[in-house]
>>> print(open('upload32.cif').read())   # mmCIF, C-alpha atoms
data_upload
loop_
_atom_site.label_atom_id
_atom_site.label_comp_id
_atom_site.auth_asym_id
_atom_site.auth_seq_id
_atom_site.Cartn_x
_atom_site.Cartn_y
_atom_site.Cartn_z
CA MET A 1 0.00 0.00 0.00
CA SER A 2 1.52 3.28 -1.16
CA ALA A 3 1.92 5.79 1.64
CA ASN A 4 1.90 8.82 -0.68
CA ARG A 5 -1.29 8.08 -2.61
CA PRO A 6 -4.57 9.30 -1.09
CA PHE A 7 -7.51 6.92 -1.09
CA VAL A 8 -10.53 7.78 -3.25
CA LEU A 9 -13.81 5.87 -3.45
CA SER A 10 -16.28 5.47 -6.31
CA ILE A 11 -19.85 4.55 -5.38
CA ALA A 12 -21.48 3.88 -8.73
CA GLY A 13 -22.81 1.28 -11.12
CA PHE A 14 -20.89 -1.53 -12.79
CA ASP A 15 -20.70 -1.12 -16.57
CA PRO A 16 -19.24 -4.25 -18.24
CA SER A 17 -17.98 -2.20 -21.20
CA GLY A 18 -15.67 -0.28 -18.86
CA GLY A 19 -16.62 3.04 -20.41
CA ALA A 20 -18.65 4.28 -17.46
CA GLY A 21 -19.31 3.47 -13.81
CA VAL A 22 -16.80 2.15 -11.32
CA LEU A 23 -14.46 0.67 -13.95
CA ALA A 24 -14.06 4.05 -15.67
CA ASP A 25 -13.68 5.75 -12.29
CA VAL A 26 -10.90 3.45 -11.10
CA LYS A 27 -9.05 3.88 -14.42
CA THR A 28 -9.28 7.63 -13.87
CA PHE A 29 -8.10 7.35 -10.27
CA GLU A 30 -5.06 5.33 -11.31
CA GLN A 31 -4.05 7.90 -13.93
CA HIS A 32 -4.22 10.60 -11.27
CA GLN A 33 -1.99 8.56 -8.95
CA VAL A 34 -4.59 8.13 -6.24
CA TYR A 35 -5.61 4.72 -4.92
CA GLY A 36 -9.13 3.86 -6.00
CA PHE A 37 -11.76 1.82 -4.16
CA ALA A 38 -15.20 0.96 -5.53
CA VAL A 39 -18.62 0.03 -4.15
CA THR A 40 -21.27 -0.82 -6.73
CA THR A 41 -24.80 0.56 -6.50
CA GLY A 42 -25.99 -1.72 -9.27
CA ASN A 43 -24.98 -4.19 -11.94
CA THR A 44 -25.88 -3.23 -15.52
CA ILE A 45 -26.23 -4.98 -18.83
CA GLN A 46 -24.99 -2.52 -21.44
CA THR A 47 -22.50 -1.72 -24.15
CA GLU A 48 -21.13 1.65 -25.19
CA ASN A 49 -24.12 1.98 -27.54
CA ASP A 50 -27.07 0.40 -25.73
CA PHE A 51 -28.39 0.18 -22.17
CA TYR A 52 -30.56 -2.87 -21.50
CA THR A 53 -31.26 -3.23 -17.80
CA MET A 54 -29.77 -3.14 -14.33
CA LYS A 55 -30.14 -4.74 -10.93
CA TRP A 56 -29.74 -2.42 -7.94
CA THR A 57 -27.60 -3.33 -4.95
CA ASP A 58 -29.43 -3.51 -1.64
CA ILE A 59 -28.71 -0.33 0.33
CA ASP A 60 -27.77 -2.23 3.51
CA PHE A 61 -25.07 -4.07 1.57
CA VAL A 62 -23.70 -0.76 0.28
CA LEU A 63 -23.74 0.84 3.75
CA THR A 64 -21.97 -2.14 5.34
CA SER A 65 -19.28 -1.97 2.67
CA LEU A 66 -18.81 1.76 3.28
CA LYS A 67 -18.52 1.20 7.01
CA LYS A 68 -15.77 -1.39 6.59
CA LEU A 69 -13.80 0.74 4.14
CA PHE A 70 -13.96 3.90 6.24
CA GLU A 71 -13.03 1.98 9.39
CA ASN A 72 -9.85 0.77 7.69
CA TYR A 73 -8.79 3.62 5.40
CA ASP A 74 -8.53 7.40 5.45
CA ILE A 75 -10.62 8.11 2.35
CA LYS A 76 -10.06 11.68 1.16
CA ALA A 77 -12.77 11.92 -1.51
CA VAL A 78 -15.83 10.07 -2.79
CA LYS A 79 -17.49 10.17 -6.19
CA ILE A 80 -21.14 9.06 -6.27
CA GLY A 81 -22.73 7.96 -9.54
CA ILE A 82 -26.04 6.28 -10.34
CA VAL A 83 -28.46 5.62 -7.50
CA PRO A 84 -32.12 4.53 -7.66
CA SER A 85 -33.67 7.17 -5.39
CA LEU A 86 -33.09 10.22 -3.23
CA ASP A 87 -33.60 8.08 -0.14
CA TYR A 88 -30.81 5.73 -1.29
CA LEU A 89 -28.53 8.71 -1.99
CA GLU A 90 -29.37 10.34 1.34
CA LYS A 91 -28.42 7.20 3.27
CA ILE A 92 -25.09 6.98 1.45
CA VAL A 93 -24.20 10.65 1.93
CA PHE A 94 -25.14 10.83 5.61
CA SER A 95 -23.34 7.55 6.28
CA ILE A 96 -20.15 8.98 4.78
CA LYS A 97 -20.48 12.15 6.84
CA ARG A 98 -20.94 10.16 10.05
CA LEU A 99 -17.94 7.96 9.28
CA SER A 100 -15.64 10.71 7.97
CA PRO A 101 -16.91 14.30 8.19
CA LYS A 102 -13.94 15.78 6.31
CA THR A 103 -14.20 13.53 3.25
CA LYS A 104 -14.98 15.46 0.05
CA ILE A 105 -18.07 14.25 -1.84
CA VAL A 106 -18.75 14.73 -5.56
CA TRP A 107 -22.14 13.66 -6.93
CA ASP A 108 -22.41 13.02 -10.66
CA THR A 109 -26.13 13.65 -11.12
CA VAL A 110 -26.85 10.78 -13.53
CA LEU A 111 -30.64 10.77 -13.74
CA LYS A 112 -30.99 8.77 -16.97
CA SER A 113 -28.77 6.97 -19.47
CA THR A 114 -28.07 8.26 -22.95
CA THR A 115 -30.54 5.63 -24.16
CA GLU A 116 -33.29 7.24 -22.04
CA PHE A 117 -33.34 4.66 -19.22
CA ASP A 118 -34.44 6.56 -16.10
CA PHE A 119 -32.33 5.90 -13.00
CA MET A 120 -33.84 8.32 -10.53
CA ASN A 121 -36.56 10.93 -10.18
CA ILE A 122 -36.25 13.90 -7.83
CA GLU A 123 -39.25 13.23 -5.62
CA ASN A 124 -38.69 15.70 -2.80
CA GLN A 125 -37.00 19.10 -3.14
CA THR A 126 -36.54 19.47 0.62
CA VAL A 127 -34.65 16.18 0.87
CA LEU A 128 -32.55 17.14 -2.16
CA ILE A 129 -31.46 20.37 -0.48
CA GLU A 130 -30.60 18.51 2.73
CA ILE A 131 -28.35 16.23 0.68
CA LEU A 132 -26.76 19.08 -1.28
CA ARG A 133 -25.75 20.79 1.97
CA GLU A 134 -23.54 17.78 2.76
CA LEU A 135 -21.86 17.68 -0.67
CA ASP A 136 -18.87 19.58 -2.00
CA LEU A 137 -19.73 19.50 -5.70
CA ILE A 138 -22.35 18.26 -8.18
CA THR A 139 -21.73 17.83 -11.92
CA PRO A 140 -25.00 18.06 -13.88
CA ASN A 141 -25.30 18.75 -17.58
CA TYR A 142 -27.82 21.19 -19.03
CA ASN A 143 -30.54 18.53 -19.24
CA GLU A 144 -29.98 17.02 -15.81
CA ILE A 145 -29.96 20.28 -13.89
CA LEU A 146 -33.48 21.07 -15.12
CA GLN A 147 -34.68 18.03 -13.16
CA LEU A 148 -33.11 19.32 -9.94
CA ASP A 149 -35.61 22.16 -9.55
CA SER A 150 -39.38 21.86 -9.72
CA VAL A 151 -40.01 25.54 -10.52
CA GLU A 152 -37.13 27.19 -12.39
CA LYS A 153 -36.65 26.24 -16.07
CA ASN A 154 -33.36 28.04 -16.78
CA ALA A 155 -30.23 25.91 -16.28
CA VAL A 156 -27.96 28.80 -15.29
CA GLN A 157 -30.48 30.15 -12.79
CA ILE A 158 -30.83 26.71 -11.22
CA ALA A 159 -27.05 26.39 -10.95
CA GLN A 160 -26.88 29.72 -9.16
CA LYS A 161 -29.73 28.73 -6.86
CA LEU A 162 -28.17 25.37 -5.94
CA SER A 163 -24.70 26.88 -5.45
CA LYS A 164 -25.95 28.26 -2.12
CA TYR A 165 -25.77 24.68 -0.85
CA CYS A 166 -22.76 23.21 -2.72
CA ALA A 167 -20.63 24.06 -5.74
CA VAL A 168 -22.12 23.26 -9.15
CA TYR A 169 -20.03 22.24 -12.15
CA LEU A 170 -22.45 22.80 -15.05
CA LYS A 171 -21.20 20.71 -17.98
CA GLY A 172 -21.48 22.32 -21.39
CA GLY A 173 -21.81 19.31 -23.66
CA HIS A 174 -25.55 19.99 -23.99
CA ASN A 175 -25.28 23.77 -23.81
CA PRO A 176 -27.34 25.03 -26.77
CA GLU A 177 -25.50 28.36 -26.91
CA GLU A 178 -21.89 27.57 -25.97
CA LYS A 179 -21.08 23.99 -26.88
CA GLY A 180 -18.34 22.58 -24.68
CA VAL A 181 -18.12 25.60 -22.38
CA ASP A 182 -18.48 24.59 -18.73
CA TYR A 183 -19.28 26.81 -15.76
CA LEU A 184 -18.30 26.40 -12.14
CA HIS A 185 -20.84 28.06 -9.84
CA THR A 186 -19.87 28.65 -6.22
CA GLU A 187 -21.67 30.66 -3.57
CA THR A 188 -19.45 33.67 -4.26
CA ALA A 189 -18.32 33.40 -7.89
CA ILE A 190 -18.89 31.97 -11.37
CA PHE A 191 -15.97 30.65 -13.40
CA LYS A 192 -16.09 30.02 -17.16
CA LEU A 193 -14.14 26.96 -18.31
CA LEU A 194 -13.38 27.12 -22.01
CA PRO A 195 -12.67 24.00 -24.09
CA ASN A 196 -9.01 23.21 -24.77
CA GLN A 197 -9.67 21.04 -27.85
CA ASN A 198 -11.36 21.95 -31.13
CA ARG A 199 -12.19 18.44 -32.28
CA ILE A 200 -13.57 15.78 -29.98
CA TYR A 201 -15.42 12.49 -30.37
CA GLU A 202 -18.49 11.52 -28.39
CA LYS A 203 -17.59 9.11 -25.61
CA HIS A 204 -19.62 6.76 -23.45
CA GLY A 205 -19.10 7.63 -19.78
CA SER A 206 -17.38 11.00 -20.19
CA GLY A 207 -19.46 12.41 -17.33
CA CYS A 208 -18.31 9.62 -15.05
CA VAL A 209 -14.71 10.35 -15.95
CA LEU A 210 -15.05 14.08 -15.30
CA SER A 211 -16.57 13.60 -11.85
CA SER A 212 -14.02 10.97 -10.82
CA ALA A 213 -11.17 13.18 -12.06
CA LEU A 214 -12.61 15.98 -9.92
CA ALA A 215 -12.74 13.70 -6.89
CA ALA A 216 -9.15 12.61 -7.50
CA ASN A 217 -7.92 16.19 -7.78
CA LEU A 218 -9.74 17.20 -4.59
CA ALA A 219 -8.16 14.22 -2.81
CA LEU A 220 -4.79 15.55 -3.98
CA GLU A 221 -5.70 18.76 -2.10
CA LYS A 222 -6.03 20.98 -5.16
CA ASP A 223 -8.33 23.95 -4.80
CA LEU A 224 -11.75 23.65 -6.42
CA LYS A 225 -11.05 25.84 -9.47
CA THR A 226 -7.77 24.04 -10.23
CA ALA A 227 -9.43 20.65 -9.74
CA CYS A 228 -12.10 21.63 -12.27
CA ASP A 229 -9.60 22.95 -14.82
CA GLU A 230 -7.51 19.80 -14.66
CA ALA A 231 -10.50 17.46 -14.69
CA LYS A 232 -11.79 19.18 -17.83
CA LYS A 233 -8.41 18.75 -19.56
CA TYR A 234 -8.26 15.09 -18.56
CA THR A 235 -11.76 14.45 -19.91
CA GLU A 236 -10.95 16.22 -23.17
CA ASN A 237 -7.93 13.94 -23.57
CA LEU A 238 -10.34 11.02 -23.30
CA LEU A 239 -12.69 12.60 -25.84
CA THR A 240 -9.89 13.06 -28.39
CA SER A 241 -8.19 9.72 -27.77
CA ASN A 242 -9.89 7.83 -30.65
CA PRO A 243 -13.02 7.99 -32.84
CA SER A 244 -14.91 5.21 -31.03
CA LYS A 245 -17.25 5.66 -28.05
CA LEU A 246 -14.79 3.90 -25.71
CA GLY A 247 -12.01 6.31 -24.79
CA TYR A 248 -8.42 5.67 -23.77
CA HIS A 249 -7.24 6.92 -20.38
CA TYR A 250 -3.98 8.81 -20.09
CA VAL A 251 -2.69 11.99 -18.48
#
>>> encode(input="upload32.cif", output="structure tokens")
Amino acid sequence: MSANRPFVLSIAGFDPSGGAGVLADVKTFEQHQVYGFAVTTGNTIQTENDFYTMKWTDIDFVLTSLKKLFENYDIKAVKIGIVPSLDYLEKIVFSIKRLSPKTKIVWDTVLKSTTEFDFMNIENQTVLIEILRELDLITPNYNEILQLDSVEKNAVQIAQKLSKYCAVYLKGGHNPEEKGVDYLHTETAIFKLLPNQNRIYEKHGSGCVLSSALAANLALEKDLKTACDEAKKYTENLLTSNPSKLGYHYV
């Protein structure tokens, strides 16, 4: 066990193609020279092109696994991916905070797959806000963030509203006006993150990679803006790595 590598945990689904979920996260962790753990929230049947079905992991099994990991390791950051409900997410987040209050938490707000399979609906705005208060960062795209507010219909306005509770990295892949331009919203500032590459290829799981790169950079004690800049560059390297939907990981 390397003494100079911080521990980072992915709590997400298992994608057998390796493009998304815990496999993609651990690849990303390794490239950032952090030591990656993984707890699966569900087992999927999918390829890079098609999502067929999934079987969720019982929440008690997940919580027991978290307890054992946190009792044995000093985990600096956690990335959370797909979960079936707000209640499931709430139990995970509050368990982490009880076990390790200083651990950074990044939630990749995956609410449906690219093939329109719904993972989670936001049933209760009050519960959502209680969860957000315990997080350090969320990473929605322009479609996902619209589902995080029951009243507001403007993505930027929602990001600003939610940034009172935790930082919001608004991904620009679905931005109708500025394709590829991301925005980091904090309680006190908004940062514009311009693309570094002119030509990219669509990739399965790029959102997973971005959020896990962010978690890795936060575990390495980089400030939030720097973590976001470097995570964006890493993800763009993945997007330009080859023309297929399965990207290659490298720094």
>>> residues_around(input="upload32.cif", residues="A:Arg199", least_positions_apart="6", cutoff="12 Å", atoms="all atoms listed in the file", output="PyMOL selection string")
chain A and resi 179-180+236-243
>>> atom_distance(input="upload32.cif", atom1="atom CA of A:Asn141", atom2="atom CA of A:Ser212")
15.3 Å
>>> axis_aligned_box(input="upload32.cif", around="stretch 121-137 of chain A", padding_each_side="3 Å", output="JSON")
{"center_x": -29.1, "center_y": 15.9, "center_z": -3.7, "size_x": 26.4, "size_y": 15.9, "size_z": 18.9}
>>> residues_around(input="upload32.cif", residues="A:Asp60", least_positions_apart="5", cutoff="12 Å", atoms="only C-alpha atoms", output="tab-separated table (two decimals) with C-alpha atoms, in the frame of the given file")
chain	number	residue	atom	x	y	z
A	41	THR	CA	-24.80	0.56	-6.50
A	65	SER	CA	-19.28	-1.97	2.67
A	66	LEU	CA	-18.81	1.76	3.28
A	67	LYS	CA	-18.52	1.20	7.01
A	88	TYR	CA	-30.81	5.73	-1.29
A	91	LYS	CA	-28.42	7.20	3.27
A	92	ILE	CA	-25.09	6.98	1.45
A	95	SER	CA	-23.34	7.55	6.28
>>> atom_distance(input="upload32.cif", atom1="atom CA of A:Thr103", atom2="atom CA of A:Leu194")
28.7 Å
>>> residues_near_point(input="upload32.cif", point="(-31.0, 20.7, -20.2)", cutoff="10 Å", atoms="all atoms listed in the file", output="PyMOL selection string")
chain A and resi 140-147+153-156+172-176
>>> decode(input="upload32.cif", residues="stretch 35-48 of chain A", atoms="all heavy atoms", output="PDB file, in the first residue's frame")
ATOM      1  N   TYR A  35      -5.236   6.129  -5.022  1.00  0.00           N
ATOM      2  CA  TYR A  35      -5.606   4.720  -4.922  1.00  0.00           C
ATOM      3  C   TYR A  35      -7.130   4.618  -4.884  1.00  0.00           C
ATOM      4  O   TYR A  35      -7.775   5.168  -3.990  1.00  0.00           O
ATOM      5  CB  TYR A  35      -4.999   4.075  -3.680  1.00  0.00           C
ATOM      6  CG  TYR A  35      -5.108   2.563  -3.723  1.00  0.00           C
ATOM      7  CD1 TYR A  35      -4.061   1.797  -4.231  1.00  0.00           C
ATOM      8  CD2 TYR A  35      -6.272   1.924  -3.309  1.00  0.00           C
ATOM      9  CE1 TYR A  35      -4.173   0.416  -4.299  1.00  0.00           C
ATOM     10  CE2 TYR A  35      -6.388   0.553  -3.385  1.00  0.00           C
ATOM     11  CZ  TYR A  35      -5.330  -0.202  -3.884  1.00  0.00           C
ATOM     12  OH  TYR A  35      -5.461  -1.568  -3.976  1.00  0.00           O
ATOM     13  N   GLY A  36      -7.691   3.904  -5.853  1.00  0.00           N
ATOM     14  CA  GLY A  36      -9.133   3.859  -6.005  1.00  0.00           C
ATOM     15  C   GLY A  36      -9.803   2.638  -5.401  1.00  0.00           C
ATOM     16  O   GLY A  36      -9.376   1.508  -5.628  1.00  0.00           O
ATOM     17  N   PHE A  37     -10.860   2.874  -4.628  1.00  0.00           N
ATOM     18  CA  PHE A  37     -11.763   1.825  -4.162  1.00  0.00           C
ATOM     19  C   PHE A  37     -13.080   1.947  -4.933  1.00  0.00           C
ATOM     20  O   PHE A  37     -13.370   2.990  -5.526  1.00  0.00           O
ATOM     21  CB  PHE A  37     -12.067   1.989  -2.665  1.00  0.00           C
ATOM     22  CG  PHE A  37     -10.887   1.854  -1.758  1.00  0.00           C
ATOM     23  CD1 PHE A  37     -10.634   2.812  -0.786  1.00  0.00           C
ATOM     24  CD2 PHE A  37     -10.048   0.761  -1.854  1.00  0.00           C
ATOM     25  CE1 PHE A  37      -9.558   2.683   0.075  1.00  0.00           C
ATOM     26  CE2 PHE A  37      -8.968   0.624  -0.993  1.00  0.00           C
ATOM     27  CZ  PHE A  37      -8.715   1.587  -0.032  1.00  0.00           C
ATOM     28  N   ALA A  38     -13.905   0.903  -4.862  1.00  0.00           N
ATOM     29  CA  ALA A  38     -15.203   0.961  -5.530  1.00  0.00           C
ATOM     30  C   ALA A  38     -16.243   0.152  -4.769  1.00  0.00           C
ATOM     31  O   ALA A  38     -15.963  -0.952  -4.298  1.00  0.00           O
ATOM     32  CB  ALA A  38     -15.095   0.443  -6.965  1.00  0.00           C
ATOM     33  N   VAL A  39     -17.443   0.717  -4.666  1.00  0.00           N
ATOM     34  CA  VAL A  39     -18.624   0.028  -4.148  1.00  0.00           C
ATOM     35  C   VAL A  39     -19.711   0.194  -5.207  1.00  0.00           C
ATOM     36  O   VAL A  39     -20.005   1.317  -5.617  1.00  0.00           O
ATOM     37  CB  VAL A  39     -19.090   0.639  -2.811  1.00  0.00           C
ATOM     38  CG1 VAL A  39     -20.420   0.020  -2.388  1.00  0.00           C
ATOM     39  CG2 VAL A  39     -18.040   0.426  -1.726  1.00  0.00           C
ATOM     40  N   THR A  40     -20.308  -0.899  -5.647  1.00  0.00           N
ATOM     41  CA  THR A  40     -21.272  -0.818  -6.735  1.00  0.00           C
ATOM     42  C   THR A  40     -22.696  -0.625  -6.210  1.00  0.00           C
ATOM     43  O   THR A  40     -23.127  -1.315  -5.291  1.00  0.00           O
ATOM     44  CB  THR A  40     -21.232  -2.074  -7.618  1.00  0.00           C
ATOM     45  OG1 THR A  40     -21.502  -3.233  -6.823  1.00  0.00           O
ATOM     46  CG2 THR A  40     -19.876  -2.225  -8.281  1.00  0.00           C
ATOM     47  N   THR A  41     -23.395   0.328  -6.820  1.00  0.00           N
ATOM     48  CA  THR A  41     -24.804   0.558  -6.498  1.00  0.00           C
ATOM     49  C   THR A  41     -25.720  -0.315  -7.351  1.00  0.00           C
ATOM     50  O   THR A  41     -26.911  -0.439  -7.052  1.00  0.00           O
ATOM     51  CB  THR A  41     -25.175   2.024  -6.723  1.00  0.00           C
ATOM     52  OG1 THR A  41     -24.842   2.387  -8.078  1.00  0.00           O
ATOM     53  CG2 THR A  41     -24.418   2.927  -5.762  1.00  0.00           C
ATOM     54  N   GLY A  42     -25.173  -0.876  -8.407  1.00  0.00           N
ATOM     55  CA  GLY A  42     -25.988  -1.721  -9.274  1.00  0.00           C
ATOM     56  C   GLY A  42     -25.143  -2.376 -10.344  1.00  0.00           C
ATOM     57  O   GLY A  42     -24.047  -1.903 -10.669  1.00  0.00           O
ATOM     58  N   ASN A  43     -25.655  -3.460 -10.875  1.00  0.00           N
ATOM     59  CA  ASN A  43     -24.977  -4.192 -11.945  1.00  0.00           C
ATOM     60  C   ASN A  43     -25.780  -4.026 -13.227  1.00  0.00           C
ATOM     61  O   ASN A  43     -26.977  -4.320 -13.252  1.00  0.00           O
ATOM     62  CB  ASN A  43     -24.866  -5.675 -11.572  1.00  0.00           C
ATOM     63  CG  ASN A  43     -23.862  -6.400 -12.439  1.00  0.00           C
ATOM     64  OD1 ASN A  43     -23.121  -5.781 -13.198  1.00  0.00           O
ATOM     65  ND2 ASN A  43     -23.837  -7.713 -12.330  1.00  0.00           N
ATOM     66  N   THR A  44     -25.158  -3.533 -14.286  1.00  0.00           N
ATOM     67  CA  THR A  44     -25.882  -3.234 -15.517  1.00  0.00           C
ATOM     68  C   THR A  44     -25.569  -4.243 -16.618  1.00  0.00           C
ATOM     69  O   THR A  44     -24.536  -4.906 -16.604  1.00  0.00           O
ATOM     70  CB  THR A  44     -25.535  -1.837 -16.052  1.00  0.00           C
ATOM     71  OG1 THR A  44     -24.209  -1.846 -16.603  1.00  0.00           O
ATOM     72  CG2 THR A  44     -25.623  -0.782 -14.960  1.00  0.00           C
ATOM     73  N   ILE A  45     -26.485  -4.308 -17.559  1.00  0.00           N
ATOM     74  CA  ILE A  45     -26.232  -4.981 -18.832  1.00  0.00           C
ATOM     75  C   ILE A  45     -26.250  -3.886 -19.889  1.00  0.00           C
ATOM     76  O   ILE A  45     -27.291  -3.270 -20.145  1.00  0.00           O
ATOM     77  CB  ILE A  45     -27.296  -6.052 -19.141  1.00  0.00           C
ATOM     78  CG1 ILE A  45     -27.287  -7.139 -18.063  1.00  0.00           C
ATOM     79  CG2 ILE A  45     -27.043  -6.673 -20.519  1.00  0.00           C
ATOM     80  CD1 ILE A  45     -28.387  -8.182 -18.218  1.00  0.00           C
ATOM     81  N   GLN A  46     -25.093  -3.599 -20.462  1.00  0.00           N
ATOM     82  CA  GLN A  46     -24.992  -2.521 -21.439  1.00  0.00           C
ATOM     83  C   GLN A  46     -23.719  -2.658 -22.261  1.00  0.00           C
ATOM     84  O   GLN A  46     -22.800  -3.398 -21.905  1.00  0.00           O
ATOM     85  CB  GLN A  46     -25.023  -1.160 -20.746  1.00  0.00           C
ATOM     86  CG  GLN A  46     -23.839  -0.870 -19.832  1.00  0.00           C
ATOM     87  CD  GLN A  46     -23.901   0.526 -19.245  1.00  0.00           C
ATOM     88  OE1 GLN A  46     -24.009   1.529 -19.952  1.00  0.00           O
ATOM     89  NE2 GLN A  46     -23.860   0.607 -17.912  1.00  0.00           N
ATOM     90  N   THR A  47     -23.699  -1.932 -23.362  1.00  0.00           N
ATOM     91  CA  THR A  47     -22.501  -1.720 -24.155  1.00  0.00           C
ATOM     92  C   THR A  47     -22.296  -0.214 -24.244  1.00  0.00           C
ATOM     93  O   THR A  47     -23.038   0.562 -23.641  1.00  0.00           O
ATOM     94  CB  THR A  47     -22.643  -2.307 -25.569  1.00  0.00           C
ATOM     95  OG1 THR A  47     -23.638  -1.544 -26.281  1.00  0.00           O
ATOM     96  CG2 THR A  47     -23.064  -3.776 -25.524  1.00  0.00           C
ATOM     97  N   GLU A  48     -21.312   0.212 -25.019  1.00  0.00           N
ATOM     98  CA  GLU A  48     -21.132   1.652 -25.187  1.00  0.00           C
ATOM     99  C   GLU A  48     -22.277   2.288 -25.982  1.00  0.00           C
ATOM    100  O   GLU A  48     -22.456   3.508 -25.946  1.00  0.00           O
ATOM    101  CB  GLU A  48     -19.787   1.972 -25.846  1.00  0.00           C
ATOM    102  CG  GLU A  48     -19.682   1.646 -27.333  1.00  0.00           C
ATOM    103  CD  GLU A  48     -19.240   0.211 -27.587  1.00  0.00           C
ATOM    104  OE1 GLU A  48     -19.499  -0.661 -26.731  1.00  0.00           O
ATOM    105  OE2 GLU A  48     -18.631  -0.040 -28.639  1.00  0.00           O
TER     106      GLU A  48
END
